[in-house]
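File shown: entry-v5.cif (mmCIF, C-alpha atoms).
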```cif
data_run
loop_
_atom_site.group_PDB
_atom_site.id
_atom_site.type_symbol
_atom_site.label_atom_id
_atom_site.label_comp_id
_atom_site.auth_asym_id
_atom_site.auth_seq_id
_atom_site.Cartn_x
_atom_site.Cartn_y
_atom_site.Cartn_z
ATOM 1 C CA MET A 16 -6.291 -11.561 -14.970
ATOM 2 C CA SER A 17 -5.760 -12.202 -11.261
ATOM 3 C CA TYR A 18 -2.335 -11.652 -9.739
ATOM 4 C CA CYS A 19 -2.138 -15.426 -9.219
ATOM 5 C CA GLU A 20 -2.676 -16.012 -12.959
ATOM 6 C CA TYR A 21 -0.184 -13.272 -13.783
ATOM 7 C CA ILE A 22 2.473 -15.000 -11.663
ATOM 8 C CA LYS A 23 1.839 -18.289 -13.479
ATOM 9 C CA THR A 24 2.347 -16.684 -16.903
ATOM 10 C CA THR A 25 5.077 -14.089 -16.289
ATOM 11 C CA THR A 26 8.629 -14.714 -17.387
ATOM 12 C CA GLY A 27 11.847 -12.725 -17.334
ATOM 13 C CA TRP A 28 13.379 -10.459 -14.693
ATOM 14 C CA ALA A 29 10.023 -9.498 -13.165
ATOM 15 C CA ILE A 30 9.024 -13.006 -12.138
ATOM 16 C CA ASP A 31 11.315 -13.281 -9.101
ATOM 17 C CA LEU A 32 10.223 -9.923 -7.654
ATOM 18 C CA ASN A 33 6.562 -10.524 -8.387
ATOM 19 C CA LYS A 34 6.574 -14.130 -7.172
ATOM 20 C CA THR A 35 8.195 -13.174 -3.866
ATOM 21 C CA TYR A 36 5.687 -10.348 -3.411
ATOM 22 C CA HIS A 37 2.784 -12.650 -4.373
ATOM 23 C CA ASP A 38 3.917 -15.460 -2.061
ATOM 24 C CA GLU A 39 5.020 -13.419 0.965
ATOM 25 C CA LYS A 40 3.262 -10.039 1.025
ATOM 26 C CA TYR A 41 0.244 -9.657 -1.271
ATOM 27 C CA GLY A 42 -2.989 -10.053 0.678
ATOM 28 C CA PHE A 43 -1.338 -10.695 4.033
ATOM 29 C CA PRO A 44 -2.508 -8.475 6.909
ATOM 30 C CA ILE A 45 -0.078 -5.767 7.992
ATOM 31 C CA GLU A 46 -0.049 -4.751 11.652
ATOM 32 C CA ASP A 47 2.591 -2.006 11.586
ATOM 33 C CA ASP A 48 1.364 1.504 10.706
ATOM 34 C CA ASN A 49 4.587 2.475 8.952
ATOM 35 C CA GLU A 50 4.391 -0.612 6.741
ATOM 36 C CA LEU A 51 0.718 0.090 5.983
ATOM 37 C CA PHE A 52 1.668 3.630 5.025
ATOM 38 C CA GLY A 53 4.568 2.294 2.956
ATOM 39 C CA ARG A 54 2.215 0.031 1.019
ATOM 40 C CA LEU A 55 -0.117 2.971 0.355
ATOM 41 C CA LEU A 56 2.836 5.083 -0.773
ATOM 42 C CA LEU A 57 3.985 2.335 -3.150
ATOM 43 C CA GLU A 58 0.476 1.820 -4.533
ATOM 44 C CA ILE A 59 0.169 5.554 -5.199
ATOM 45 C CA ASN A 60 3.520 5.570 -6.978
ATOM 46 C CA GLN A 61 2.503 2.612 -9.105
ATOM 47 C CA ALA A 62 -0.237 4.631 -10.811
ATOM 48 C CA GLY A 63 0.572 4.686 -14.516
ATOM 49 C CA LEU A 64 3.453 2.235 -14.130
ATOM 50 C CA SER A 65 3.904 -1.506 -13.738
ATOM 51 C CA TRP A 66 3.990 -3.084 -10.297
ATOM 52 C CA SER A 67 7.294 -4.690 -11.316
ATOM 53 C CA THR A 68 8.815 -1.223 -11.633
ATOM 54 C CA ILE A 69 7.709 -0.371 -8.091
ATOM 55 C CA LEU A 70 8.983 -3.654 -6.671
ATOM 56 C CA LYS A 71 12.336 -3.038 -8.337
ATOM 57 C CA LYS A 72 12.495 0.393 -6.660
ATOM 58 C CA GLU A 73 11.048 -0.619 -3.267
ATOM 59 C CA THR A 74 14.387 -0.499 -1.432
ATOM 60 C CA ALA A 75 15.123 2.946 -2.875
ATOM 61 C CA PHE A 76 11.660 4.137 -1.794
ATOM 62 C CA ARG A 77 12.235 2.784 1.699
ATOM 63 C CA THR A 78 15.576 4.629 1.925
ATOM 64 C CA ALA A 79 14.312 7.884 0.378
ATOM 65 C CA TYR A 80 11.240 7.953 2.619
ATOM 66 C CA ASP A 81 12.990 7.194 5.937
ATOM 67 C CA ASN A 82 11.837 3.579 6.128
ATOM 68 C CA PHE A 83 8.233 4.814 5.663
ATOM 69 C CA ASN A 84 8.260 6.440 9.101
ATOM 70 C CA ILE A 85 4.963 8.335 9.169
ATOM 71 C CA GLU A 86 5.972 10.880 11.804
ATOM 72 C CA THR A 87 9.221 11.737 10.032
ATOM 73 C CA ILE A 88 7.536 12.091 6.639
ATOM 74 C CA ALA A 89 4.713 14.201 8.108
ATOM 75 C CA ASN A 90 7.405 16.710 9.117
ATOM 76 C CA TYR A 91 9.156 16.836 5.735
ATOM 77 C CA THR A 92 10.066 20.317 4.550
ATOM 78 C CA GLU A 93 10.472 21.802 1.090
ATOM 79 C CA THR A 94 14.098 20.668 1.286
ATOM 80 C CA ASP A 95 12.950 17.061 1.721
ATOM 81 C CA GLU A 96 10.514 17.453 -1.147
ATOM 82 C CA ALA A 97 13.311 18.745 -3.388
ATOM 83 C CA ARG A 98 15.542 15.849 -2.294
ATOM 84 C CA LEU A 99 12.845 13.346 -3.249
ATOM 85 C CA LEU A 100 12.216 15.006 -6.609
ATOM 86 C CA ALA A 101 15.949 14.730 -7.377
ATOM 87 C CA ASP A 102 16.255 11.062 -6.316
ATOM 88 C CA PRO A 103 16.647 8.869 -9.440
ATOM 89 C CA GLY A 104 15.914 5.716 -7.418
ATOM 90 C CA ILE A 105 12.235 6.569 -6.903
ATOM 91 C CA ILE A 106 9.369 7.920 -8.983
ATOM 92 C CA ARG A 107 9.992 11.660 -9.231
ATOM 93 C CA ASN A 108 6.460 12.912 -9.655
ATOM 94 C CA ARG A 109 5.648 16.104 -7.777
ATOM 95 C CA LEU A 110 1.999 15.148 -7.172
ATOM 96 C CA LYS A 111 2.987 11.753 -5.773
ATOM 97 C CA VAL A 112 5.686 13.236 -3.525
ATOM 98 C CA LYS A 113 3.284 15.879 -2.211
ATOM 99 C CA ALA A 114 0.647 13.175 -1.673
ATOM 100 C CA ALA A 115 3.074 11.110 0.419
ATOM 101 C CA ILE A 116 3.753 14.059 2.719
ATOM 102 C CA HIS A 117 0.101 15.081 2.937
ATOM 103 C CA ASN A 118 -0.993 11.494 3.574
ATOM 104 C CA ALA A 119 1.557 11.090 6.373
ATOM 105 C CA GLN A 120 0.169 14.256 7.948
ATOM 106 C CA ALA A 121 -3.385 12.929 7.559
ATOM 107 C CA ILE A 122 -2.401 9.657 9.230
ATOM 108 C CA MET A 123 -0.885 11.578 12.133
ATOM 109 C CA GLU A 124 -4.291 13.234 12.613
ATOM 110 C CA LEU A 125 -6.033 9.847 12.386
ATOM 111 C CA LYS A 126 -3.637 8.486 15.013
ATOM 112 C CA ASN A 127 -4.722 11.264 17.382
ATOM 113 C CA GLU A 128 -8.333 10.130 17.075
ATOM 114 C CA TYR A 129 -8.025 6.370 16.533
ATOM 115 C CA GLY A 130 -4.641 5.537 18.056
ATOM 116 C CA SER A 131 -3.215 4.178 14.795
ATOM 117 C CA PHE A 132 -3.712 3.998 11.043
ATOM 118 C CA LYS A 133 -4.575 0.323 11.432
ATOM 119 C CA ASN A 134 -7.228 1.141 14.063
ATOM 120 C CA TRP A 135 -8.748 3.653 11.635
ATOM 121 C CA LEU A 136 -8.870 0.999 8.908
ATOM 122 C CA ASP A 137 -10.329 -1.559 11.325
ATOM 123 C CA HIS A 138 -12.889 0.974 12.581
ATOM 124 C CA HIS A 139 -14.203 1.465 9.039
ATOM 125 C CA HIS A 140 -14.126 -2.211 8.052
ATOM 126 C CA PRO A 141 -16.115 -3.678 6.370
ATOM 127 C CA LYS A 142 -16.945 -1.404 3.472
ATOM 128 C CA THR A 143 -17.453 -1.949 -0.225
ATOM 129 C CA LYS A 144 -14.733 -0.869 -2.623
ATOM 130 C CA ASP A 145 -16.787 2.216 -3.536
ATOM 131 C CA GLU A 146 -17.348 3.159 0.113
ATOM 132 C CA TRP A 147 -13.634 2.748 0.840
ATOM 133 C CA THR A 148 -12.748 4.867 -2.192
ATOM 134 C CA LYS A 149 -15.014 7.713 -1.024
ATOM 135 C CA LEU A 150 -13.491 7.551 2.460
ATOM 136 C CA PHE A 151 -9.924 7.527 1.137
ATOM 137 C CA LYS A 152 -10.602 10.396 -1.277
ATOM 138 C CA LYS A 153 -12.026 12.420 1.604
ATOM 139 C CA THR A 154 -9.018 11.648 3.821
ATOM 140 C CA PHE A 155 -6.000 11.304 1.528
ATOM 141 C CA LYS A 156 -4.565 12.622 -1.739
ATOM 142 C CA PHE A 157 -3.933 10.651 -4.932
ATOM 143 C CA THR A 158 -6.232 7.799 -3.910
ATOM 144 C CA GLY A 159 -8.482 6.875 -6.804
ATOM 145 C CA GLY A 160 -10.470 3.673 -7.040
ATOM 146 C CA GLU A 161 -7.729 1.442 -8.413
ATOM 147 C CA ILE A 162 -5.127 2.616 -5.886
ATOM 148 C CA VAL A 163 -7.541 2.140 -2.986
ATOM 149 C CA ASN A 164 -8.627 -1.266 -4.291
ATOM 150 C CA GLU A 165 -5.050 -2.532 -4.644
ATOM 151 C CA PHE A 166 -4.039 -1.131 -1.253
ATOM 152 C CA LEU A 167 -6.968 -2.879 0.446
ATOM 153 C CA LEU A 168 -6.475 -6.142 -1.463
ATOM 154 C CA SER A 169 -2.756 -6.152 -0.735
ATOM 155 C CA THR A 170 -3.251 -5.557 3.005
ATOM 156 C CA GLY A 171 -6.087 -8.034 3.566
ATOM 157 C CA TYR A 172 -9.008 -5.619 3.893
ATOM 158 C CA LEU A 173 -10.724 -6.728 0.685
ATOM 159 C CA GLU A 174 -11.118 -10.298 -0.500
ATOM 160 C CA GLY A 175 -9.676 -11.289 -3.850
ATOM 161 C CA ALA A 176 -5.900 -10.917 -3.591
ATOM 162 C CA HIS A 177 -5.586 -14.631 -4.361
ATOM 163 C CA THR A 178 -7.844 -17.147 -6.014
ATOM 164 C CA PRO A 179 -9.088 -19.991 -3.796
ATOM 165 C CA ASP A 180 -7.023 -22.504 -5.819
ATOM 166 C CA CYS A 181 -3.802 -20.556 -5.168
ATOM 167 C CA PRO A 182 -1.607 -22.218 -2.485
ATOM 168 C CA ILE A 183 -1.064 -18.806 -0.848
ATOM 169 C CA TYR A 184 -4.813 -18.401 -0.264
ATOM 170 C CA GLN A 185 -4.759 -20.934 2.597
ATOM 171 C CA LYS A 186 -1.718 -19.263 4.172
ATOM 172 C CA ILE A 187 -3.534 -15.942 4.168
ATOM 173 C CA LEU A 188 -6.646 -17.472 5.741
ATOM 174 C CA LYS A 189 -4.481 -18.617 8.663
ATOM 175 C CA GLU A 190 -3.383 -14.984 9.170
ATOM 176 C CA ARG A 191 -7.047 -13.933 9.629
ATOM 177 C CA PRO A 192 -7.256 -11.046 7.169
ATOM 178 C CA ALA A 193 -9.897 -8.415 7.911
ATOM 179 C CA TRP A 194 -12.128 -9.650 5.064
ATOM 180 C CA ASN A 195 -12.351 -13.087 6.726
ATOM 181 C CA ARG A 196 -13.135 -12.040 10.311
#
```

What would you get if you wrote out this structure as structure tokens?
Amino acid sequence: MSYCEYIKTTTGWAIDLNKTYHDEKYGFPIEDDNELFGRLLLEINQAGLSWSTILKKETAFRTAYDNFNIETIANYTETDEARLLADPGIIRNRLKVKAAIHNAQAIMELKNEYGSFKNWLDHHHPKTKDEWTKLFKKTFKFTGGEIVNEFLLSTGYLEGAHTPDCPIYQKILKERPAWNR
């Protein structure tokens, strides 16, 4: 089921969070490195959970992880790691917390070579999902195929975030996502 179909059929508390995300964020290009990193961090934390759970905790993630500031997170210490593992507002999974810190450090290295995380993504675009997955696994931690796919769909690097009959599809086309350049 596509995310568009899911939005049409979902009811209850999750619909408002998911509809806002679907209509305003999912598939739209992101220019800011910290926001790109934040989306990757959220996608990694979603593994094994529902996206609704992550959306419900997004503000807590943003607070716990210093507004997704890559440089700050890359310099986290064991004290910061312990703080995150004790924070009930986020997902307290040691592997996911360690991945966030490692991935921020990896992005700092990419920024030295490419100028930004976004430039690194643009440099490697276009790739197939499998090629992207291999690249992400070589570069980052906790980035399996589904996480990489959702990250790239949600940030406009892979086509398919919305179906062509979805009203948001045309809005995204106007934003010139990477898959449509």

**Distance criterion (only C-alpha atoms): nearest to Gly63 (chain A) out of A:Leu136, A:Leu100, A:Ala193, A:Ile106** =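 Once distances to Gly63 (chain A) are computed over only C-alpha atoms, the minimum belongs to A:Ile106.
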
**Request:** Let me know the residues the PyMOL selection byres ((chain A and resi 68-76) around 9) catches in the file above, as a list of chain:residue names.
**Result:**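 Those residues are A:Ala29, A:Leu32, A:Asn33, A:Tyr36, A:Gly53, A:Leu56, A:Leu57, A:Glu58, A:Asn60, A:Gln61, A:Leu64, A:Ser65, A:Trp66, A:Ser67, A:Arg77, A:Thr78, A:Ala79, A:Tyr80, A:Asp81, A:Asn82, A:Phe83, A:Asp102, A:Pro103, A:Gly104, A:Ile105, A:Ile106.
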
Using all atoms listed in the file, I'd like a table of the residues in region 52-108 of chain A that come within 7 Å of region 162-167 of chain A; for each, show the closest atom pair and its distance in Å rounded to one decimal, ordered by chain and ascending number, as JSON lines.
```
{"residue": "A:Arg54", "atom": "CA", "partner": "A:Phe166", "partner_atom": "CA", "distance": 6.8}
{"residue": "A:Leu55", "atom": "CA", "partner": "A:Phe166", "partner_atom": "CA", "distance": 5.9}
{"residue": "A:Glu58", "atom": "CA", "partner": "A:Ile162", "partner_atom": "CA", "distance": 5.8}
{"residue": "A:Ile59", "atom": "CA", "partner": "A:Ile162", "partner_atom": "CA", "distance": 6.1}
```

**Request:** Can you turn the PyMOL selection byres ((chain A and resi 96) around 10) into a concrete residue list for this file, as a VMD selection string?
**Result:** chain A and resid 88 91 to 95 97 to 101 107 109 112 to 113 115 to 116

**CA of Ser17 (chain A) to CA of Asp48 (chain A), distance in Å rounded to a single decimal** = 26.9 Å

**Request:** Give me the residues within 7 Å of Lys156 (chain A) as a list in words, counting only C-alpha atoms and dropping any in the same chain fewer than 2 places off.
**Result:** Ala114, Asn118, Lys152 and Thr158 of chain A

**Item:** Selection under test: the PyMOL selection byres ((chain A and resi 142) around 12); residues as a ChimeraX atom specification
**Value:** /A:136-141,143-151,163-164,167,172-174,193-194

Residues of the last selection are to be written out with C-alpha atoms, as a PDB file, keeping the file's coordinate frame.
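result_32.pdb written:
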```pdb
ATOM      1  CA  LEU A 136      -8.870   0.999   8.908  1.00  0.00           C
ATOM      2  CA  ASP A 137     -10.329  -1.559  11.325  1.00  0.00           C
ATOM      3  CA  HIS A 138     -12.889   0.974  12.581  1.00  0.00           C
ATOM      4  CA  HIS A 139     -14.203   1.465   9.039  1.00  0.00           C
ATOM      5  CA  HIS A 140     -14.126  -2.211   8.052  1.00  0.00           C
ATOM      6  CA  PRO A 141     -16.115  -3.678   6.370  1.00  0.00           C
ATOM      7  CA  THR A 143     -17.453  -1.949  -0.225  1.00  0.00           C
ATOM      8  CA  LYS A 144     -14.733  -0.869  -2.623  1.00  0.00           C
ATOM      9  CA  ASP A 145     -16.787   2.216  -3.536  1.00  0.00           C
ATOM     10  CA  GLU A 146     -17.348   3.159   0.113  1.00  0.00           C
ATOM     11  CA  TRP A 147     -13.634   2.748   0.840  1.00  0.00           C
ATOM     12  CA  THR A 148     -12.748   4.867  -2.192  1.00  0.00           C
ATOM     13  CA  LYS A 149     -15.014   7.713  -1.024  1.00  0.00           C
ATOM     14  CA  LEU A 150     -13.491   7.551   2.460  1.00  0.00           C
ATOM     15  CA  PHE A 151      -9.924   7.527   1.137  1.00  0.00           C
ATOM     16  CA  VAL A 163      -7.541   2.140  -2.986  1.00  0.00           C
ATOM     17  CA  ASN A 164      -8.627  -1.266  -4.291  1.00  0.00           C
ATOM     18  CA  LEU A 167      -6.968  -2.879   0.446  1.00  0.00           C
ATOM     19  CA  TYR A 172      -9.008  -5.619   3.893  1.00  0.00           C
ATOM     20  CA  LEU A 173     -10.724  -6.728   0.685  1.00  0.00           C
ATOM     21  CA  GLU A 174     -11.118 -10.298  -0.500  1.00  0.00           C
ATOM     22  CA  ALA A 193      -9.897  -8.415   7.911  1.00  0.00           C
ATOM     23  CA  TRP A 194     -12.128  -9.650   5.064  1.00  0.00           C
TER      24      TRP A 194
END
```

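Coordinates place CA of Ala176 (chain A) at a distance of 27.5 Å from CA of Asn108 (chain A).
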
**Request:** Quote the spacing between CA of Ala121 (chain A) and CA of Ala89 (chain A) in Å to one decimal place.
**Result:**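 One can read the CA of Ala121 (chain A) to CA of Ala89 (chain A) distance as 8.2 Å.
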
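Comparing A:Glu86, A:Lys40, A:Ile45, A:Pro182 by their smallest distance to Met123 (chain A), the closest is A:Glu86 (using all atoms listed in the file).
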
**Item:** Nearby residues (only C-alpha atoms) at most 7 Å from Ser169 (chain A), same-chain spacing under 5 positions excluded, as a ChimeraX atom specification
**Value:** /A:41-43,176

**Prompt:** Of the candidates A:Phe132, A:Gly171, A:Arg196, A:Met16, which shows the shortest atom-to-atom distance to Tyr184 (chain A), using only C-alpha atoms?
**Reply:** A:Gly171
